[in-house]
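Trainee: This is model21.txt, which holds compact mmCIF, C-alpha atoms:
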```txt
# COMPACT_ATOMS: atom_id res chain seq x y z
CA MET F 1270 -36.02 -25.58 29.02
CA GLN F 1271 -36.86 -22.83 26.55
CA PRO F 1272 -38.14 -24.45 23.33
CA TYR F 1273 -35.60 -24.43 20.52
CA CYS F 1274 -35.66 -25.51 16.91
CA GLN F 1275 -32.71 -26.68 14.86
CA LEU F 1276 -31.74 -26.61 11.21
CA ASN F 1277 -28.67 -27.37 9.15
CA SER F 1278 -27.53 -27.46 5.54
CA HIS F 1279 -24.32 -27.97 3.55
CA CYS F 1280 -23.48 -27.98 -0.13
CA ILE F 1281 -20.61 -28.31 -2.54
CA GLY F 1282 -18.70 -25.18 -3.51
CA LYS F 1283 -18.21 -23.63 -6.90
CA SER F 1284 -14.48 -24.45 -6.99
CA HIS F 1285 -15.11 -28.09 -6.05
CA LEU F 1286 -17.63 -28.42 -8.85
CA ALA F 1287 -15.15 -26.98 -11.31
CA GLY F 1288 -12.45 -29.37 -10.08
CA SER F 1289 -14.74 -32.44 -9.98
CA LYS F 1290 -14.13 -32.75 -6.24
CA PRO F 1291 -16.73 -34.00 -3.71
CA CYS F 1292 -18.35 -31.83 -1.05
CA GLU F 1293 -16.05 -31.97 1.96
CA ASP F 1294 -18.38 -30.08 4.35
CA TYR F 1295 -20.94 -31.78 6.55
CA SER F 1296 -23.58 -30.56 9.02
CA LEU F 1297 -26.00 -31.99 11.59
CA SER F 1298 -28.55 -30.68 14.07
CA TYR F 1299 -30.57 -32.37 16.80
CA GLY F 1300 -33.16 -31.51 19.43
CA ASP F 1301 -35.02 -33.20 22.26
CA PRO F 1302 -36.64 -31.92 25.46
CA SER F 1303 -33.28 -31.82 27.25
CA LEU F 1304 -30.98 -30.31 24.66
CA SER F 1305 -30.60 -28.71 21.25
CA ALA F 1306 -27.39 -29.17 19.29
CA ALA F 1307 -25.92 -28.12 15.94
CA MET F 1308 -22.54 -28.83 14.39
CA ILE F 1309 -20.58 -28.53 11.13
CA SER F 1310 -17.30 -30.03 10.00
CA ASP F 1311 -15.10 -28.88 7.13
CA GLY F 1312 -12.85 -31.43 5.45
CA HIS F 1313 -9.44 -30.18 4.39
CA GLY F 1314 -8.96 -29.54 0.68
CA ASP F 1315 -5.36 -30.76 0.90
CA PRO F 1316 -4.58 -33.47 -1.72
CA ALA F 1317 -3.21 -35.60 1.12
CA CYS F 1318 -6.65 -35.49 2.83
CA PHE F 1319 -8.50 -37.29 0.07
CA ARG F 1320 -11.03 -38.81 2.54
CA SER F 1321 -11.78 -35.61 4.42
CA ALA F 1322 -15.45 -35.76 3.34
CA ALA F 1323 -15.82 -38.99 5.31
CA GLY F 1324 -13.81 -37.48 8.15
CA ALA F 1325 -16.19 -34.49 8.32
CA GLN F 1326 -19.24 -36.76 8.46
CA PHE F 1327 -17.65 -38.90 11.20
CA ALA F 1328 -16.78 -35.75 13.19
CA CYS F 1329 -20.38 -34.50 13.18
CA GLU F 1330 -21.89 -37.88 14.03
CA ILE F 1331 -19.40 -38.62 16.83
CA SER F 1332 -19.69 -35.14 18.38
CA LEU F 1333 -23.50 -35.30 18.33
CA ASN F 1334 -23.54 -38.71 20.05
CA LEU F 1335 -21.05 -37.57 22.67
CA LEU F 1336 -22.91 -34.31 23.32
CA ARG F 1337 -26.07 -36.31 23.98
CA GLN F 1338 -24.16 -38.65 26.32
CA PHE F 1339 -22.53 -35.63 28.02
CA GLN F 1340 -25.94 -34.11 28.77
CA GLY F 1341 -27.24 -37.46 30.02
CA VAL F 1342 -24.31 -37.87 32.40
CA HIS F 1343 -24.28 -34.24 33.58
CA SER F 1344 -28.00 -33.46 33.53
CA HIS F 1345 -27.86 -32.80 37.27
CA ILE F 1346 -25.64 -29.74 36.79
CA THR F 1347 -27.62 -26.55 37.29
CA ASP F 1348 -24.68 -24.15 37.72
CA VAL F 1349 -21.60 -24.59 35.57
CA HIS F 1350 -19.63 -22.29 37.87
CA ALA F 1351 -20.43 -24.35 40.97
CA CYS F 1352 -18.60 -27.46 39.75
CA ASP F 1353 -15.47 -28.45 37.82
CA PHE F 1354 -17.25 -28.00 34.51
CA GLU F 1355 -13.94 -27.15 32.82
CA SER F 1356 -12.60 -30.65 33.42
CA TYR F 1357 -15.81 -32.19 32.12
CA VAL F 1358 -15.52 -30.20 28.89
CA ARG F 1359 -11.85 -31.12 28.49
CA SER F 1360 -12.74 -34.78 28.90
CA LEU F 1361 -15.48 -34.39 26.28
CA GLU F 1362 -13.03 -32.86 23.78
CA LYS F 1363 -10.53 -35.63 24.38
CA GLU F 1364 -13.22 -38.26 23.89
CA ILE F 1365 -14.28 -36.68 20.58
CA ALA F 1366 -10.68 -36.70 19.32
CA VAL F 1367 -10.07 -40.30 20.45
CA ARG F 1368 -13.30 -41.69 19.01
CA TRP F 1369 -12.85 -39.80 15.73
CA LYS F 1370 -9.37 -41.23 15.28
CA LYS F 1371 -10.58 -44.73 16.14
CA LYS F 1372 -13.44 -44.37 13.65
CA VAL F 1373 -11.27 -43.17 10.74
CA LEU F 1374 -8.63 -45.85 11.32
CA SER F 1375 -11.39 -48.47 11.37
CA ASP F 1376 -12.73 -47.07 8.11
CA ALA F 1377 -9.25 -47.10 6.55
CA SER F 1378 -8.90 -50.76 7.57
CA ALA F 1379 -12.30 -51.68 6.20
CA ARG F 1380 -11.79 -49.67 3.00
CA PRO F 1381 -8.08 -49.67 2.15
CA PHE F 1382 -6.83 -46.68 0.21
CA THR F 1383 -7.05 -47.26 -3.53
CA GLU F 1384 -4.27 -46.45 -5.96
CA GLU F 1385 -6.46 -43.73 -7.42
CA GLU F 1386 -6.74 -42.12 -3.99
CA LEU F 1387 -3.04 -42.49 -3.24
CA ASP F 1388 -2.11 -40.89 -6.55
CA GLN F 1389 -3.69 -37.65 -5.30
CA ALA F 1390 -1.35 -37.41 -2.30
CA PRO F 1391 2.18 -35.98 -2.35
CA GLU F 1392 4.95 -38.58 -2.51
CA ALA F 1393 6.13 -38.06 1.10
CA ILE F 1394 2.74 -38.76 2.70
CA ARG F 1395 1.88 -41.41 0.11
CA SER F 1396 4.79 -43.57 1.24
CA GLN F 1397 3.57 -43.27 4.87
CA TYR F 1398 0.09 -44.33 3.84
CA ARG F 1399 1.49 -47.38 2.05
CA GLN F 1400 3.28 -48.33 5.27
CA GLY F 1401 0.09 -47.91 7.31
CA GLN F 1402 1.31 -44.73 9.04
CA SER F 1403 -0.57 -41.46 9.67
CA MET F 1404 -3.71 -42.91 8.07
CA GLU F 1405 -5.93 -40.47 10.00
CA HIS F 1406 -4.35 -37.60 8.07
CA ALA F 1407 -6.32 -38.61 4.97
CA TYR F 1408 -9.54 -37.84 6.90
CA GLY F 1409 -8.43 -34.43 8.22
CA CYS F 1410 -11.23 -32.00 9.12
CA THR F 1411 -12.34 -29.28 11.52
CA LEU F 1412 -15.33 -29.23 13.90
CA VAL F 1413 -17.59 -26.51 15.33
CA ALA F 1414 -20.45 -27.58 17.64
CA VAL F 1415 -22.92 -25.87 19.98
CA MET F 1416 -25.31 -27.26 22.57
CA VAL F 1417 -28.05 -25.57 24.62
CA THR F 1418 -29.60 -27.23 27.69
CA ARG F 1419 -31.87 -25.96 30.41
CA HIS F 1420 -28.94 -24.68 32.46
CA TYR F 1421 -26.02 -23.89 30.18
CA PHE F 1422 -24.78 -23.05 26.71
CA LEU F 1423 -21.69 -24.91 25.40
CA CYS F 1424 -19.53 -24.31 22.29
CA LEU F 1425 -16.68 -26.55 21.08
CA GLN F 1426 -14.32 -25.84 18.19
CA ILE F 1427 -11.13 -27.14 16.59
CA GLY F 1428 -9.79 -25.49 13.46
CA ASP F 1429 -11.31 -22.65 11.48
CA GLY F 1430 -14.98 -21.82 10.96
CA LYS F 1431 -17.30 -19.55 12.87
CA CYS F 1432 -19.46 -19.79 15.98
CA VAL F 1433 -21.88 -16.93 16.70
CA SER F 1434 -24.44 -16.60 19.49
CA ALA F 1435 -27.26 -14.05 19.52
CA TYR F 1436 -28.96 -12.45 22.53
CA PRO F 1437 -31.84 -9.98 23.08
CA CYS F 1438 -31.60 -6.43 21.70
CA GLY F 1439 -29.61 -7.57 18.65
CA VAL F 1440 -26.42 -8.51 20.51
CA PHE F 1441 -24.34 -10.93 18.39
CA VAL F 1442 -21.05 -12.26 19.76
CA GLU F 1443 -18.37 -14.80 18.86
CA PRO F 1444 -17.87 -16.62 22.16
CA VAL F 1445 -15.11 -19.08 21.21
CA PRO F 1446 -11.56 -17.69 21.51
CA PRO F 1447 -9.67 -17.35 18.19
CA ASP F 1448 -7.16 -20.00 17.12
CA GLU F 1449 -3.65 -18.64 16.53
CA GLY F 1450 -2.84 -21.80 14.58
CA CYS F 1451 -5.33 -20.89 11.83
CA VAL F 1452 -3.31 -18.69 9.48
CA GLY F 1453 -4.06 -18.47 5.75
CA ASN F 1454 -4.75 -21.99 4.48
CA ARG F 1455 -3.34 -23.58 7.63
CA SER F 1456 -5.72 -24.88 10.26
CA THR F 1457 -5.66 -27.05 13.35
CA SER F 1458 -7.43 -30.36 12.77
CA LEU F 1459 -8.83 -33.50 14.33
CA CYS F 1460 -6.10 -35.41 12.47
CA ASN F 1461 -3.35 -33.59 14.38
CA ARG F 1462 -1.37 -35.38 17.05
CA ASP F 1463 -2.78 -34.48 20.49
CA ALA F 1464 -5.79 -32.93 18.75
CA GLU F 1465 -7.66 -32.59 22.06
CA LYS F 1466 -5.14 -29.89 23.08
CA SER F 1467 -6.16 -27.79 20.05
CA PHE F 1468 -9.83 -27.57 21.05
CA ARG F 1469 -11.22 -24.20 22.18
CA HIS F 1470 -14.49 -23.88 24.03
CA TYR F 1471 -16.94 -21.58 25.78
CA TYR F 1472 -19.72 -22.25 28.27
CA SER F 1473 -22.09 -20.03 30.21
CA PRO F 1474 -25.35 -20.23 32.19
CA LEU F 1475 -26.67 -17.40 29.99
CA LEU F 1476 -28.68 -19.03 27.22
CA PRO F 1477 -28.71 -17.38 23.79
CA LEU F 1478 -31.79 -16.79 21.65
CA ALA F 1479 -29.89 -18.43 18.80
CA ALA F 1480 -26.51 -20.00 18.08
CA PHE F 1481 -25.00 -20.45 14.62
CA VAL F 1482 -22.01 -22.45 13.35
CA SER F 1483 -20.59 -22.27 9.84
CA SER F 1484 -17.57 -23.37 7.85
CA ASP F 1485 -14.88 -21.00 6.64
CA GLY F 1486 -16.44 -21.06 3.17
CA VAL F 1487 -19.36 -19.07 4.60
CA GLU F 1488 -17.19 -16.91 6.85
CA GLU F 1489 -14.93 -15.85 3.98
CA SER F 1490 -17.92 -14.82 1.87
CA PHE F 1491 -18.94 -12.03 4.29
CA ASP F 1492 -17.44 -9.39 6.50
CA ALA F 1493 -18.41 -9.59 10.19
CA GLU F 1494 -21.46 -7.36 9.83
CA GLY F 1495 -22.63 -9.17 6.70
CA LEU F 1496 -22.24 -12.57 8.36
CA TYR F 1497 -24.38 -11.49 11.32
CA ARG F 1498 -27.02 -10.16 8.91
CA PHE F 1499 -27.04 -13.50 7.12
CA PHE F 1500 -27.55 -15.42 10.38
CA TYR F 1501 -30.29 -12.98 11.39
CA SER F 1502 -32.03 -13.66 8.05
CA VAL F 1503 -32.05 -17.38 8.82
CA ALA F 1504 -33.62 -16.69 12.22
CA TYR F 1505 -36.13 -14.33 10.63
CA TRP F 1506 -37.22 -16.93 8.06
CA HIS F 1507 -37.56 -19.46 10.85
CA ARG F 1508 -39.71 -17.11 12.96
CA GLN F 1509 -41.90 -15.84 10.14
CA GLU F 1510 -42.25 -18.90 7.89
CA GLY F 1511 -41.40 -21.90 10.05
CA ALA F 1512 -38.48 -24.31 10.28
CA ASP F 1513 -39.14 -26.16 7.02
CA SER F 1514 -39.33 -22.99 4.94
CA ALA F 1515 -36.23 -21.58 6.63
CA ALA F 1516 -34.32 -24.80 5.93
CA GLU F 1517 -35.38 -24.71 2.26
CA LYS F 1518 -34.34 -21.10 1.86
CA LEU F 1519 -31.01 -21.77 3.53
CA ALA F 1520 -30.33 -24.77 1.28
CA ALA F 1521 -31.18 -22.65 -1.80
CA LEU F 1522 -29.01 -19.73 -0.66
CA LEU F 1523 -25.81 -21.60 0.19
CA PRO F 1524 -24.79 -22.36 -3.45
CA ARG F 1525 -25.20 -18.67 -4.29
CA ILE F 1526 -23.06 -17.72 -1.31
CA SER F 1527 -20.28 -20.02 -2.53
CA GLU F 1528 -20.56 -18.82 -6.12
CA GLY F 1529 -20.54 -15.14 -5.23
CA GLY F 1530 -18.10 -15.45 -2.35
CA SER F 1531 -15.36 -17.89 -1.38
CA GLY F 1532 -16.10 -20.59 -3.97
CA ASP F 1533 -15.49 -23.16 -1.22
CA ASP F 1534 -17.87 -25.76 0.20
CA VAL F 1535 -20.32 -24.12 2.60
CA SER F 1536 -22.21 -25.41 5.65
CA VAL F 1537 -24.42 -23.84 8.32
CA ALA F 1538 -26.20 -25.25 11.36
CA ALA F 1539 -28.24 -23.37 13.94
CA VAL F 1540 -30.16 -23.62 17.20
CA LEU F 1541 -33.05 -21.11 17.25
CA SER F 1542 -35.52 -20.03 19.94
CA SER F 1543 -39.09 -21.05 19.14
CA GLU F 1544 -40.66 -18.33 21.27
CA GLU F 1545 -38.60 -15.14 21.24
CA THR F 1546 -37.98 -13.00 18.19
CA LEU F 1547 -34.41 -12.18 17.36
CA SER F 1548 -33.67 -8.48 16.82
CA PRO F 1549 -31.49 -7.30 13.92
CA PRO F 1550 -27.82 -7.36 14.85
CA LYS F 1551 -26.34 -4.21 16.24
CA GLN F 1552 -22.97 -3.13 15.00
CA PRO F 1553 -20.44 -5.39 16.77
CA LEU F 1554 -18.47 -3.78 19.53
CA THR F 1555 -15.26 -5.00 17.93
CA GLN F 1556 -16.26 -3.29 14.69
CA VAL F 1557 -17.17 -0.10 16.56
CA CYS F 1558 -13.79 -0.21 18.30
CA GLN F 1559 -12.07 -0.86 14.97
CA ARG F 1560 -13.79 2.14 13.43
CA VAL F 1561 -12.97 4.32 16.44
CA ASN F 1562 -9.37 3.13 16.28
CA ALA F 1563 -9.34 3.75 12.54
CA VAL F 1564 -10.60 7.30 13.05
CA ALA F 1565 -8.12 7.83 15.87
CA GLY F 1566 -5.35 6.48 13.67
CA ARG F 1567 -6.47 8.75 10.85
CA LEU F 1568 -6.51 11.71 13.23
CA GLU F 1569 -3.04 10.85 14.50
CA MET F 1570 -1.78 10.50 10.94
CA LEU F 1571 -3.29 13.88 9.98
CA ASP F 1572 -1.77 15.49 13.10
CA GLY F 1573 1.59 14.13 12.05
CA GLN F 1574 1.14 15.39 8.50
CA ILE F 1575 0.05 18.83 9.77
CA GLN F 1576 3.08 19.01 12.04
CA ARG F 1577 5.42 18.01 9.20
CA GLU F 1578 3.79 20.49 6.83
CA ASP F 1579 4.02 23.25 9.45
CA GLU F 1580 7.70 22.48 9.99
CA MET F 1581 8.28 22.56 6.24
CA ILE F 1582 6.42 25.90 6.00
CA GLN F 1583 8.54 27.37 8.80
CA GLU F 1584 11.65 26.12 7.03
CA ARG F 1585 10.45 27.70 3.77
CA ILE F 1586 9.75 30.98 5.60
CA ARG F 1587 13.34 30.97 6.86
CA ASP F 1588 14.52 30.24 3.32
CA ILE F 1589 12.40 33.12 2.00
CA GLU F 1590 13.80 35.51 4.61
CA SER F 1591 17.31 34.42 3.71
CA GLU F 1592 16.58 34.81 0.01
CA GLU F 1593 15.02 38.24 0.63
CA ALA F 1594 18.20 39.37 2.39
CA ALA F 1595 20.30 37.92 -0.42
CA LEU F 1596 18.00 39.58 -2.99
CA ALA F 1597 18.31 42.97 -1.25
CA ALA F 1598 22.10 42.63 -1.30
CA LEU F 1599 21.97 41.66 -4.95
CA LYS F 1600 19.71 44.64 -5.71
CA GLU F 1601 22.26 46.92 -4.00
CA GLN F 1602 25.04 45.30 -6.00
CA LEU F 1603 22.95 45.66 -9.15
CA LYS F 1604 22.39 49.36 -8.41
CA GLU F 1605 26.13 49.89 -7.96
CA ARG F 1606 26.83 47.92 -11.15
CA GLU F 1607 24.20 49.94 -13.04
CA GLU F 1608 25.88 53.14 -11.88
CA ARG F 1609 29.27 51.80 -12.99
CA TYR F 1610 27.68 50.62 -16.23
CA TYR F 1611 26.13 53.96 -17.07
CA ALA F 1612 29.36 55.77 -16.05
CA ALA F 1613 31.35 53.42 -18.30
CA CYS F 1614 28.86 54.00 -21.12
CA GLU F 1615 29.16 57.77 -20.67
CA GLU F 1616 32.95 57.54 -20.55
CA CYS F 1617 32.92 55.31 -23.62
CA ASP F 1618 30.71 57.81 -25.47
CA GLY F 1619 33.18 60.61 -24.56
CA MET F 1620 36.08 58.48 -25.74
CA LYS F 1621 34.23 57.73 -28.97
CA ALA F 1622 33.61 61.47 -29.48
CA ARG F 1623 37.28 62.23 -28.82
CA LEU F 1624 38.27 59.43 -31.17
CA ALA F 1625 36.02 60.87 -33.86
CA GLU F 1626 37.53 64.32 -33.26
CA LEU F 1627 41.05 62.91 -33.44
CA ARG F 1628 40.20 61.12 -36.64
CA GLU F 1629 38.91 64.40 -38.09
CA GLN F 1630 42.10 66.13 -36.94
CA ARG F 1631 44.21 63.34 -38.45
CA ALA F 1632 42.32 63.62 -41.72
CA ALA F 1633 43.02 67.40 -41.74
CA ALA F 1634 46.65 66.76 -40.75
CA ALA F 1635 46.96 64.24 -43.56
CA VAL F 1636 45.72 66.87 -46.04
CA GLN F 1637 48.19 69.42 -44.61
CA LYS F 1638 51.00 66.83 -44.78
CA SER F 1639 50.19 66.15 -48.43
CA LYS F 1640 50.30 69.89 -49.17
CA ALA F 1641 53.53 70.24 -47.15
CA ASP F 1642 55.13 67.43 -49.13
CA ALA F 1643 54.14 69.11 -52.39
CA PHE F 1644 55.46 72.47 -51.09
CA ARG F 1645 58.71 70.83 -50.04
CA GLN F 1646 59.18 69.30 -53.45
CA SER F 1647 58.49 72.70 -55.07
CA ALA F 1648 60.85 74.41 -52.64
CA GLU F 1649 63.58 71.90 -53.34
CA LYS F 1650 63.30 72.50 -57.07
CA PHE F 1651 63.42 76.27 -56.50
CA TRP F 1652 66.38 76.21 -54.15
CA PHE F 1653 68.47 73.86 -56.14
CA ALA F 1654 67.75 75.85 -59.26
CA GLU F 1655 68.78 79.01 -57.44
CA TYR F 1656 71.93 77.36 -56.02
CA ALA F 1657 72.84 76.29 -59.51
CA ARG F 1658 72.16 79.75 -61.00
CA LEU F 1659 74.22 81.49 -58.33
CA GLY F 1660 77.04 79.06 -58.78
CA ILE F 1661 76.84 77.64 -55.31
CA GLY F 1662 78.29 74.24 -55.82
CA GLY F 1663 78.21 71.11 -53.71
CA PHE F 1664 74.51 71.02 -53.49
CA SER F 1665 72.78 68.26 -55.34
CA GLN F 1666 70.18 65.69 -54.53
CA SER F 1667 70.75 62.13 -55.32
CA GLU F 1668 67.83 59.77 -55.34
CA GLY F 1669 67.31 58.33 -51.92
CA GLU F 1670 69.47 60.98 -50.09
CA SER F 1671 68.11 63.50 -47.69
CA VAL F 1672 68.18 67.17 -48.71
CA PRO F 1673 70.88 69.18 -46.85
CA SER F 1674 69.79 72.22 -44.97
CA PRO F 1675 70.84 75.51 -46.63
CA PRO F 1676 73.71 77.43 -45.04
CA ALA F 1677 72.81 79.70 -42.20
CA GLU F 1678 74.24 82.69 -44.07
CA PRO F 1679 74.24 82.17 -47.80
CA PRO F 1680 77.21 83.79 -49.66
CA VAL F 1681 74.89 86.03 -51.60
CA LYS F 1682 71.80 87.83 -50.54
CA THR F 1683 68.60 86.09 -51.27
CA VAL F 1684 66.91 87.80 -54.12
CA PHE F 1685 63.42 86.81 -52.87
CA ALA F 1686 61.66 87.97 -49.81
CA ALA F 1687 59.19 85.75 -47.98
CA GLU F 1688 56.31 87.52 -49.47
CA ASP F 1689 57.74 86.90 -52.85
CA LEU F 1690 57.52 83.11 -52.39
CA PRO F 1691 55.02 81.50 -54.66
CA SER F 1692 51.64 80.69 -53.30
CA ASP F 1693 50.38 77.15 -52.92
CA GLU F 1694 48.80 77.41 -56.35
CA ALA F 1695 52.02 78.75 -57.88
CA GLU F 1696 53.98 75.98 -56.14
CA GLN F 1697 51.73 73.49 -57.74
CA GLU F 1698 52.55 74.99 -61.12
CA VAL F 1699 56.35 75.16 -60.64
```
Give the structure from this file in structure tokens form.
Mentor:
Amino acid sequence: MQPYCQLNSHCIGKSHLAGSKPCEDYSLSYGDPSLSAAMISDGHGDPACFRSAAGAQFACEISLNLLRQFQGVHSHITDVHACDFESYVRSLEKEIAVRWKKKVLSDASARPFTEEELDQAPEAIRSQYRQGQSMEHAYGCTLVAVMVTRHYFLCLQIGDGKCVSAYPCGVFVEPVPPDEGCVGNRSTSLCNRDAEKSFRHYYSPLLPLAAFVSSDGVEESFDAEGLYRFFYSVAYWHRQEGADSAAEKLAALLPRISEGGSGDDVSVAAVLSSEETLSPPKQPLTQVCQRVNAVAGRLEMLDGQIQREDEMIQERIRDIESEEAALAALKEQLKEREERYYAACEECDGMKARLAELREQRAAAAVQKSKADAFRQSAEKFWFAEYARLGIGGFSQSEGESVPSPPAEPPVKTVFAAEDLPSDEAEQEV
């Protein structure tokens, strides 16, 4: 078997310190000539799971013991694909779930729940606890474990957390399939009914240079690339400074990770090659694919935007052409209206000139009328005086009556000729 070293560390999170809660993460690691193993367990922060710290410790201890027994029983296996290794792993998962439940129920019997503990739980589950039902729920936790032997690499997981294996040339992978039941704050757990059915696993004859397991408090403090870089740093410290120094640095770094990241409890355990140097992690294929897909999506989005903008431009061009035609028609109408306007202005100016001329003629006519009225009055005085002198009776002018016209042939000859009539000035004097 290739020589491996192991290390592990866990610490309380920033939020648990602030809330005066205990550390609910736990970690273990183990190595002997036949196997190297590492595991972490994360107790649920749910108020109903007030003994999850104990549950996490039990999960790590039980899984380590059973992994050692598993290797002892199946040490003869040299090819995991040449036997029914799947059934063996399923049996191991079931045994972990059964023994964990038996252990937590025994602990609950030996240390009955106190009133202070029960007060933390919601009323619905509290009443079940008082009746001795669902006691394992108070110990709820997850589990992530890895084991390396001479002939195979095995990973087991229930609930959230992270398992990462590293290979030559900086290849880092996450071998365990994802859990669709882990959404948001929800997670599958050892306290679930039929918990063995919620386990996921991975095994292979290809042995990694290193394998890392961590709780979700660590996972949520990094992106995928940052998490791999963190695990690589642990392997680098181990290779350059030795296992003790690497363990000390890891223990000192975890509180800072919690404080600057998730704020949750954090735990890490690892199996590391003692002979081969781990290369820095290459960009994960999933991340490369995500970036390619992101670029492709961006390109598709831009193509769509370009197409929509081009369609809008074509529509605007049609609008412009329509407006140009309408504008040309309006310009023609404006030209015709301008011609009518200037013609109307010219006609109006002519009418104003004629009106001015007529007013001048009226003013002259008014002067002539005034003179004619004065002449008539003078003529009337003359004629009536003459009619009276000649003894022509019947002619008089009463006020308000019209003046009769003189006879066509007066009885006596007019003593004045036309040229003898008084001038306008003489008429004015008469």
Trainee: Pick from F:Ala1598, F:Leu1519, F:Ala1643, F:Val1417: nearest to Leu1478 (chain F), with all atoms listed in the file counted?
Mentor: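 The shortest atom-to-atom distance to Leu1478 (chain F) comes from F:Val1417.
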Trainee: Using only C-alpha atoms, which residue out of F:Tyr1398, F:Tyr1501, F:Phe1468, F:Tyr1408 lies closest to Lys1363 (chain F)?
Mentor: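 That would be F:Phe1468, the residue with the smallest distance to Lys1363 (chain F).
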Trainee: Hey, which of F:Val1540, F:Ala1635, F:Leu1336, F:Ile1427 ends up closest to Thr1457 (chain F)? Count only C-alpha atoms.
Mentor: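 Distance minimum relative to Thr1457 (chain F) lands on F:Ile1427.
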Trainee: Report, in Å with one decimal, the straight-line distance from CA of Asp1388 (chain F) to CA of Ala1323 (chain F).
Mentor: 18.2 Å
Trainee: Set the distance at 6 Å and use only C-alpha atoms: which residues neighbour region 1412-1415 of chain F once local chain neighbours fewer than 5 positions away are removed? I'd like the list as a VMD selection string.
Mentor: chain F and resid 1306 to 1310 1423 to 1427
